[in-house]
Amino acid sequence: MSAAPARDMRPLAGPARPHRLAMVASKGTLDGAYPPLILAATAVSLGWEVGIFFTFYGLDIIHRKKHRKLKVPSLANPAMPVPVPSLVGMLPGMTAVATAMMKRWMKKSRLPDVGQFLDIAREGGVRLFACSTTMGVMGVGAKDLVEGVDIAGATAFLDFAADADVSLFV
Amino acid sequence: MSAAPARDMRPLAGPARPHRLAMVASKGTLDGAYPPLILAATAVSLGWEVGIFFTFYGLDIIHRKKHRKLKVPSLANPAMPVPVPSLVGMLPGMTAVATAMMKRWMKKSRLPDVGQFLDIAREGGVRLFACSTTMGVMGVGAKDLVEGVDIAGATAFLDFAADADVSLFV
Amino acid sequence: MSAAPARDMRPLAGPARPHRLAMVASKGTLDGAYPPLILAATAVSLGWEVGIFFTFYGLDIIHRKKHRKLKVPSLANPAMPVPVPSLVGMLPGMTAVATAMMKRWMKKSRLPDVGQFLDIAREGGVRLFACSTTMGVMGVGAKDLVEGVDIAGATAFLDFAADADVSLFV
């Protein structure tokens with residue numbers, strides 16, 4: 001069996017490696033933050049390895065201050081549970097209304113909020129990457145990030161994702 | 001160890017399993033519904049196993065009434081085939097115009113509509129999952145769903161996706 | 001060869017194949033174009049095989065004229081680095097402002113522009129597919145496409161993605 005290149009070879013024996021989920025989180029809205037956080041928490045509870053690469057607007061999800069203030073856009077969102085016509089949706093305050101509605105639903109469904117999901121992720125060993133390339137573009141500095149985040153480039157994400165069973169761009 | 005083509009080799013024994021495509025459908029717009037439905041129909045025609053997990057706004061795609069009324073947002077969509085300036089885009093009726101345009105194009109291209117795509121999916125054995133966690137959030141009940149949908153949590157999606165060759169979050 | 005777990009087993013001999021990244025690019029905004037282009041360029045630099053399937057609005061990224069004019073929507077984008085209230089965001093010109101801001105940041109970060117990224121992709125052997133099904137829908141003809149693009153259906157994408165290590169829908 002000699003020296004087969006190790007790169008893609010999987011263990012022939014020994015314990016099965018855990019499943020792995022790699023996600024890119026590129027959106028900075030409340031409804032864009034929940035899917036990767038819910039999937040991460042679920043995967044961790046199943047014993048999976050999970051990594052999330054936050055990039056572009058998604059950096060707001062791990063922004064110390066902004067993650068508490070993510071919003072649900074009311075405009076250009078014809079699928080909002082209560083549809084908001086364009087002329088109404090553009091009134092100042094409608095985004096606040098849509099955001100409050102989703103937060104109320106989340107609470108009623110006993111879903112953790114973004115900060116609590118980040119705690120669950122960290123406790124579950126989820127690897128959190130902040131995209132170094134777009135931090136500059138988005139005006140996010142190292143000090144703006146919540147605890148436990150690694151600043152890294154797209155290379156780090158691809159390295160992690162290369163061995164993932166499931167990869168998703170959110 | 002002879003000259004088996006290395007790249008695509010599957011397990012050495014037993015019949016090859018079919019390819020598998022796992023998708024999350026999170027958008028409730030017409031242009032957000034078509035990509036997963038087209039990919040599902042194509043994959044099924046190639047003999048793949050396919051599963052779609054409908055969550056958040058994507059639940060509208062499998063909503064008995066709403067799937068017929070999905071819309072194309074005219075606002076915040078600078079890439080619309082015919083660009084709609086913001087002040088015009090917010091006039092009531094512009095979303096209707098954008099939606100009618102896309103439906104006309106779909107028909108001209110002889111693409112099935114959403115309901116027909118759902119039929120194709122079911123006939124092809126596509127597994128349709130409605131996200132139990134966000135059904136509550138989005139105010140969607142079991143009776144609102146089209147036939148042939150399983151209500152399930154993110155765990156069911158991850159179980160299905162763990163063995164997928166291709167996983168996509170739409 | 002005894003009872004190695006079959007599921008994750010890879011070929012036992014032969015040279016290691018390169019990693020492969022398969023992406024769908026479905027958005028026609030500037031902030032929707034950058035993630036697949038950055039990931040493609042990064043993956044190529046790591047020796048990966050890369051393919052991008054441009055569909056729906058994403059066709060604008062490989063449109064000879066339009067790829068130079070991609071915009072950042074100011075509306076419905078509460079996560080814009082400088083948040084734009086809805087009433088202001090809908091003023092004509094605000095999308096232009098948001099677009100100019102992102103282009104300036106890109107330049108400051110020394111990121112290539114879309115045209116330069118397409119050059120990097122082609123030089124790196126990235127396979128560029130234009131979705132034949134939606135070209136008609138979006139009114140894009142073969143002559144509108146930049147050099148080096150193959151017109152193909154979803155089948156071609158799935159064939160390519162079936163062997164990918166990482167697949168992403170952007």
# chains A, B, ... in the order shown; residues from 1 in each chain; ligands from 1
>>> residues_around(residues="segment 30-39 of chain A", least_positions_apart="3", cutoff="9 Å", atoms="only C-alpha atoms", output="PyMOL selection string")
(chain A and resi 21+23-27+42-44+52+58+61+67+69-73+99+102-103+111+113-114+117-118+121+168-170) or (chain B and resi 26+55-56+154-155+158)
>>> write_last_selection(atoms="C-alpha atoms", output="short mmCIF file (atom, residue, chain, number, x, y, z; two decimals), in the first residue's frame")
data_model
loop_
_atom_site.label_atom_id
_atom_site.label_comp_id
_atom_site.auth_asym_id
_atom_site.auth_seq_id
_atom_site.Cartn_x
_atom_site.Cartn_y
_atom_site.Cartn_z
CA LEU A 21 -20.17 22.10 8.21
CA MET A 23 -20.52 28.31 6.11
CA VAL A 24 -19.99 31.78 4.72
CA ALA A 25 -22.21 34.40 6.39
CA SER A 26 -22.38 37.39 4.06
CA LYS A 27 -25.57 39.13 5.16
CA THR A 42 -27.91 22.34 15.40
CA ALA A 43 -24.77 20.88 13.85
CA VAL A 44 -22.81 21.33 17.07
CA ILE A 52 -18.39 30.20 9.89
CA GLY A 58 -22.02 39.40 7.60
CA ILE A 61 -23.11 39.51 13.07
CA HIS A 67 -24.92 42.28 16.39
CA LYS A 69 -29.06 45.85 16.32
CA LEU A 70 -29.47 43.73 13.21
CA LYS A 71 -32.59 44.65 11.30
CA VAL A 72 -35.16 43.05 9.03
CA PRO A 73 -35.52 45.13 5.87
CA THR A 99 -37.52 44.02 12.97
CA MET A 102 -39.37 39.14 13.86
CA LYS A 103 -37.79 39.60 17.28
CA LEU A 111 -35.21 30.99 19.86
CA ASP A 113 -31.12 35.94 20.17
CA VAL A 114 -27.99 36.61 18.12
CA PHE A 117 -26.43 32.02 19.54
CA LEU A 118 -22.85 33.34 19.45
CA ALA A 121 -21.45 28.60 18.99
CA LEU A 168 -23.17 26.75 2.44
CA PHE A 169 -22.97 30.39 1.41
CA VAL A 170 -25.57 32.40 3.28
CA SER B 26 -34.77 30.56 2.17
CA THR B 55 -37.11 27.82 5.71
CA PHE B 56 -37.94 31.44 6.56
CA ALA B 154 -32.59 21.54 10.85
CA THR B 155 -31.37 18.16 12.11
CA LEU B 158 -28.14 18.13 8.12
#
>>> residues_around(residues="Ala164 of chain A", least_positions_apart="6", cutoff="8 Å", atoms="only C-alpha atoms", output="PyMOL selection string")
(chain A and resi 19-22) or (chain C and resi 165-166)
>>> atom_distance(atom1="atom CA of Ala130 of chain B", atom2="atom CA of Val50 of chain B")
14.5 Å
>>> closest_residue(among="B:Pro18, B:Gly125, B:Gly148, B:Gly28", to="chain A", atoms="only C-alpha atoms")
B:Gly28
>>> atom_distance(atom1="atom CA of Ala40 of chain B", atom2="atom CA of Glu147 of chain B")
17.1 Å
>>> atom_distance(atom1="atom CA of Ile62 of chain C", atom2="atom CA of Leu145 of chain C")
5.7 Å
>>> closest_residue(among="C:Phe129, C:Tyr57, C:Phe160, C:Trp48", to="chain A", atoms="only C-alpha atoms")
C:Trp48
>>> select_by_dssp(residues="segment 32-139 of chain B", states="alpha helix (DSSP H)", output="PyMOL selection string")
chain B and resi 32-45+86-89+94-108+114-123+132-138
>>> closest_residue(among="A:Ala98, A:Ser167, A:Glu49, A:Arg122", to="chain B", atoms="only C-alpha atoms")
A:Ser167
>>> closest_residue(among="A:Ala161, A:Ser109, A:Met135, A:Gln116", to="chain B", atoms="only C-alpha atoms")
A:Ser109
>>> residues_around(residues="Gly51 of chain B", least_positions_apart="4", cutoff="6 Å", atoms="only C-alpha atoms", output="list in words")
Ala22, Val126, Arg127 and Leu128 of chain B
